[in-house]
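Here is the structure we will look at.
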Amino acid sequence: MKEVQDHWFKLAKEEGYRSRAAYKLIDIDDRRRVLRRGARVLDAGAAPGSWSQVAAARIGHKGVVFAVDLTAMDGGLPENVHRLQADLREITLEDVGGEPFDAVLSDMAPKTTGDPTGDHFQSVRLCDDLLDQMPAWLRRGGNLVMKVFEGENYPALVKRAARMFEEAKGYKPRASRAESVEMFIVCTGFNGKNGRVPHQSDAILPKRRPSKGWGTPSAQD
């Protein structure tokens, strides 16, 4: 397992990516084609920027990526990446170009506590909050990729996404650690609906922001 992890880490260094997480998005896009040339892309929880690097290359110079995170990102990203240090809950479309996106990418995760159940529910909460924004942020026919920790409410989250998109399926990229509970829900063909139903996580957890804020991943690796 360590050799596999070292492979992606070393490859990222060799190919100029800011983290090994780049290969997760590459794998997803190779299989599902969520990014297209000339697209407008929102990278939610973008730091340190490896997903923005991949997205920028795949959409080409006529496309644009808005990379949003509570944490400041270093410069040196491709010219078609616009960095924005902000909480996603507090931005409007006018802050990110004024038009709906063709694709939304999220590698966000809550700050882990060591409690797998609590971390799972917080992860689902982040994804639900993100789905709540899709009618305003994502154009009809657009695509969404979001990370979630597997657990009790994972099936309900996938079902909600399936009500909002032509297709929504979980996928674990090759670059993910085998022991990791992370999954990526890949959603294609947004239908414009909200898809919201009450989730058990809403009943269990208080209505508050995760400790790191909405827009910052626990680590992009």
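Numbering starts fresh at 1 for the residues of each chain in the structure tokens, the chains themselves are lettered A, B, ... in the order given, and ligands are numbered from 1 as they appear.
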Using only C-alpha atoms, which residues of region 159-178 of chain A come within 12 Å of region 136-146 of chain A, and what is the closest atom pair for each, with the distance in Å to one decimal? Give it as CSV, sorted by chain and residue number.
residue,atom,partner,partner_atom,distance
A:Ala161,CA,A:Leu144,CA,9.4
A:Ala162,CA,A:Leu144,CA,11.4
A:Met164,CA,A:Arg140,CA,10.0
A:Phe165,CA,A:Gly141,CA,8.1
A:Glu166,CA,A:Gly141,CA,8.5
A:Glu167,CA,A:Asn143,CA,9.6
A:Ala168,CA,A:Leu144,CA,9.0
A:Lys169,CA,A:Val145,CA,9.8
A:Gly170,CA,A:Met146,CA,9.5
A:Tyr171,CA,A:Val145,CA,9.9
A:Lys172,CA,A:Met146,CA,11.5
Skipping near chain neighbours, those fewer than 6 positions away, what residues fall within 7 Å of region 57-70 of chain A using only C-alpha atoms, listed as a PyMOL selection string?
chain A and resi 35-47+80-87+96+215-216
Please, could you write that set of residues out with N, CA and C atoms as a PDB file, in the first residue's frame?
ATOM      1  N   LEU A  35     -15.834  17.350 -17.560  1.00  0.00           N
ATOM      2  CA  LEU A  35     -15.271  18.630 -17.988  1.00  0.00           C
ATOM      3  C   LEU A  35     -15.215  18.671 -19.509  1.00  0.00           C
ATOM      4  N   ARG A  36     -15.528  19.848 -20.057  1.00  0.00           N
ATOM      5  CA  ARG A  36     -15.479  19.996 -21.515  1.00  0.00           C
ATOM      6  C   ARG A  36     -14.710  21.264 -21.869  1.00  0.00           C
ATOM      7  N   ARG A  37     -14.248  21.337 -23.081  1.00  0.00           N
ATOM      8  CA  ARG A  37     -13.492  22.510 -23.537  1.00  0.00           C
ATOM      9  C   ARG A  37     -14.373  23.749 -23.471  1.00  0.00           C
ATOM     10  N   GLY A  38     -13.793  24.818 -22.960  1.00  0.00           N
ATOM     11  CA  GLY A  38     -14.501  26.092 -22.888  1.00  0.00           C
ATOM     12  C   GLY A  38     -15.466  26.230 -21.724  1.00  0.00           C
ATOM     13  N   ALA A  39     -15.480  25.277 -20.788  1.00  0.00           N
ATOM     14  CA  ALA A  39     -16.459  25.274 -19.706  1.00  0.00           C
ATOM     15  C   ALA A  39     -16.125  26.296 -18.622  1.00  0.00           C
ATOM     16  N   ARG A  40     -17.181  26.693 -17.901  1.00  0.00           N
ATOM     17  CA  ARG A  40     -17.040  27.471 -16.667  1.00  0.00           C
ATOM     18  C   ARG A  40     -17.113  26.475 -15.504  1.00  0.00           C
ATOM     19  N   VAL A  41     -16.103  26.508 -14.645  1.00  0.00           N
ATOM     20  CA  VAL A  41     -15.989  25.509 -13.588  1.00  0.00           C
ATOM     21  C   VAL A  41     -15.820  26.196 -12.235  1.00  0.00           C
ATOM     22  N   LEU A  42     -16.540  25.694 -11.234  1.00  0.00           N
ATOM     23  CA  LEU A  42     -16.341  26.116  -9.847  1.00  0.00           C
ATOM     24  C   LEU A  42     -15.618  24.999  -9.121  1.00  0.00           C
ATOM     25  N   ASP A  43     -14.466  25.308  -8.537  1.00  0.00           N
ATOM     26  CA  ASP A  43     -13.714  24.364  -7.715  1.00  0.00           C
ATOM     27  C   ASP A  43     -13.944  24.764  -6.264  1.00  0.00           C
ATOM     28  N   ALA A  44     -14.805  24.027  -5.566  1.00  0.00           N
ATOM     29  CA  ALA A  44     -15.220  24.355  -4.204  1.00  0.00           C
ATOM     30  C   ALA A  44     -14.291  23.689  -3.195  1.00  0.00           C
ATOM     31  N   GLY A  45     -13.702  24.492  -2.311  1.00  0.00           N
ATOM     32  CA  GLY A  45     -12.711  23.954  -1.395  1.00  0.00           C
ATOM     33  C   GLY A  45     -11.444  23.596  -2.137  1.00  0.00           C
ATOM     34  N   ALA A  46     -10.919  24.563  -2.890  1.00  0.00           N
ATOM     35  CA  ALA A  46      -9.913  24.276  -3.912  1.00  0.00           C
ATOM     36  C   ALA A  46      -8.488  24.085  -3.401  1.00  0.00           C
ATOM     37  N   ALA A  47      -8.148  24.634  -2.232  1.00  0.00           N
ATOM     38  CA  ALA A  47      -6.759  24.587  -1.766  1.00  0.00           C
ATOM     39  C   ALA A  47      -6.263  23.138  -1.644  1.00  0.00           C
ATOM     40  N   ASN A  80      -6.103  30.774 -16.535  1.00  0.00           N
ATOM     41  CA  ASN A  80      -7.561  30.731 -16.573  1.00  0.00           C
ATOM     42  C   ASN A  80      -8.171  30.285 -15.246  1.00  0.00           C
ATOM     43  N   VAL A  81      -7.367  30.305 -14.181  1.00  0.00           N
ATOM     44  CA  VAL A  81      -7.863  30.024 -12.834  1.00  0.00           C
ATOM     45  C   VAL A  81      -7.918  31.335 -12.044  1.00  0.00           C
ATOM     46  N   HIS A  82      -9.095  31.637 -11.517  1.00  0.00           N
ATOM     47  CA  HIS A  82      -9.286  32.823 -10.688  1.00  0.00           C
ATOM     48  C   HIS A  82      -9.462  32.394  -9.237  1.00  0.00           C
ATOM     49  N   ARG A  83      -8.556  32.833  -8.379  1.00  0.00           N
ATOM     50  CA  ARG A  83      -8.607  32.459  -6.970  1.00  0.00           C
ATOM     51  C   ARG A  83      -9.514  33.414  -6.198  1.00  0.00           C
ATOM     52  N   LEU A  84     -10.274  32.841  -5.274  1.00  0.00           N
ATOM     53  CA  LEU A  84     -11.146  33.654  -4.428  1.00  0.00           C
ATOM     54  C   LEU A  84     -11.111  33.084  -3.022  1.00  0.00           C
ATOM     55  N   GLN A  85     -10.595  33.863  -2.075  1.00  0.00           N
ATOM     56  CA  GLN A  85     -10.575  33.441  -0.677  1.00  0.00           C
ATOM     57  C   GLN A  85     -11.884  33.885  -0.037  1.00  0.00           C
ATOM     58  N   ALA A  86     -12.776  32.933   0.202  1.00  0.00           N
ATOM     59  CA  ALA A  86     -14.108  33.271   0.689  1.00  0.00           C
ATOM     60  C   ALA A  86     -14.807  32.028   1.197  1.00  0.00           C
ATOM     61  N   ASP A  87     -15.875  32.248   1.966  1.00  0.00           N
ATOM     62  CA  ASP A  87     -16.765  31.177   2.391  1.00  0.00           C
ATOM     63  C   ASP A  87     -17.820  31.005   1.310  1.00  0.00           C
ATOM     64  N   VAL A  96     -18.491  35.404  -8.867  1.00  0.00           N
ATOM     65  CA  VAL A  96     -17.755  34.399  -9.649  1.00  0.00           C
ATOM     66  C   VAL A  96     -18.180  34.437 -11.116  1.00  0.00           C
ATOM     67  N   GLY A 215     -15.917  25.417   2.575  1.00  0.00           N
ATOM     68  CA  GLY A 215     -15.067  25.832   1.469  1.00  0.00           C
ATOM     69  C   GLY A 215     -13.641  25.386   1.662  1.00  0.00           C
ATOM     70  N   THR A 216     -13.338  24.713   2.789  1.00  0.00           N
ATOM     71  CA  THR A 216     -11.985  24.260   3.041  1.00  0.00           C
ATOM     72  C   THR A 216     -11.958  22.755   3.218  1.00  0.00           C
TER      73      THR A 216
END
Select, from A:Pro48, A:Ala56, A:Gly98, A:Lys159, the residue with the minimum atom-to-atom distance to Pro78 (chain A), counting only C-alpha atoms.
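Looking only at the distances to Pro78 (chain A), the closest residue turns out to be A:Ala56.
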Spatial neighbours of Leu25 (chain A), max dist 8 Å, only C-alpha atoms, sep filter under 3 positions, as a VMD selection string
chain A and resid 21 to 22 28 to 29 51 54 173
Using only C-alpha atoms, which of the listed residues (A:Ala175, A:Met134, A:Val186, A:Cys127) sits closest to Asn153 (chain A)?
A:Cys127
For CA of Leu11 (chain A) and CA of Arg31 (chain A), the interatomic separation in Å (one decimal)
20.1 Å
Nearest-residue call for Arg177 (chain A), choices A:Asp6, A:Asp102, A:Asp129, A:Glu152, using only C-alpha atoms:
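Smallest separation from Arg177 (chain A) among the options: A:Asp6.
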Taking the DSSP secondary structure from the backbone, can you list the residues of region 12-52 of chain A that are alpha helix (DSSP H), as a PyMOL selection string?
chain A and resi 12-15+22-32+50-52
Produce a file of the selected residues containing C-alpha atoms, as a PDB file, in the first residue's frame.
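Output contents, as saved in out.pdb:
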ATOM      1  CA  ALA A  12       2.499  14.583  -8.677  1.00  0.00           C
ATOM      2  CA  LYS A  13       5.917  16.039  -7.913  1.00  0.00           C
ATOM      3  CA  GLU A  14       7.268  14.970 -11.289  1.00  0.00           C
ATOM      4  CA  GLU A  15       4.317  16.353 -13.256  1.00  0.00           C
ATOM      5  CA  ALA A  22      -4.973  15.630  -9.049  1.00  0.00           C
ATOM      6  CA  TYR A  23      -5.035  12.006 -10.183  1.00  0.00           C
ATOM      7  CA  LYS A  24      -8.418  11.431  -8.546  1.00  0.00           C
ATOM      8  CA  LEU A  25     -10.015  14.077 -10.760  1.00  0.00           C
ATOM      9  CA  ILE A  26      -8.071  12.882 -13.806  1.00  0.00           C
ATOM     10  CA  ASP A  27      -9.406   9.363 -13.233  1.00  0.00           C
ATOM     11  CA  ILE A  28     -12.972  10.611 -12.736  1.00  0.00           C
ATOM     12  CA  ASP A  29     -12.928  12.813 -15.813  1.00  0.00           C
ATOM     13  CA  ASP A  30     -11.327  10.136 -17.981  1.00  0.00           C
ATOM     14  CA  ARG A  31     -14.230   7.838 -17.122  1.00  0.00           C
ATOM     15  CA  ARG A  32     -17.172  10.229 -16.923  1.00  0.00           C
ATOM     16  CA  SER A  50      -4.435  20.525  -7.761  1.00  0.00           C
ATOM     17  CA  TRP A  51      -8.018  20.050  -8.979  1.00  0.00           C
ATOM     18  CA  SER A  52      -7.938  23.560 -10.427  1.00  0.00           C
TER      19      SER A  52
END
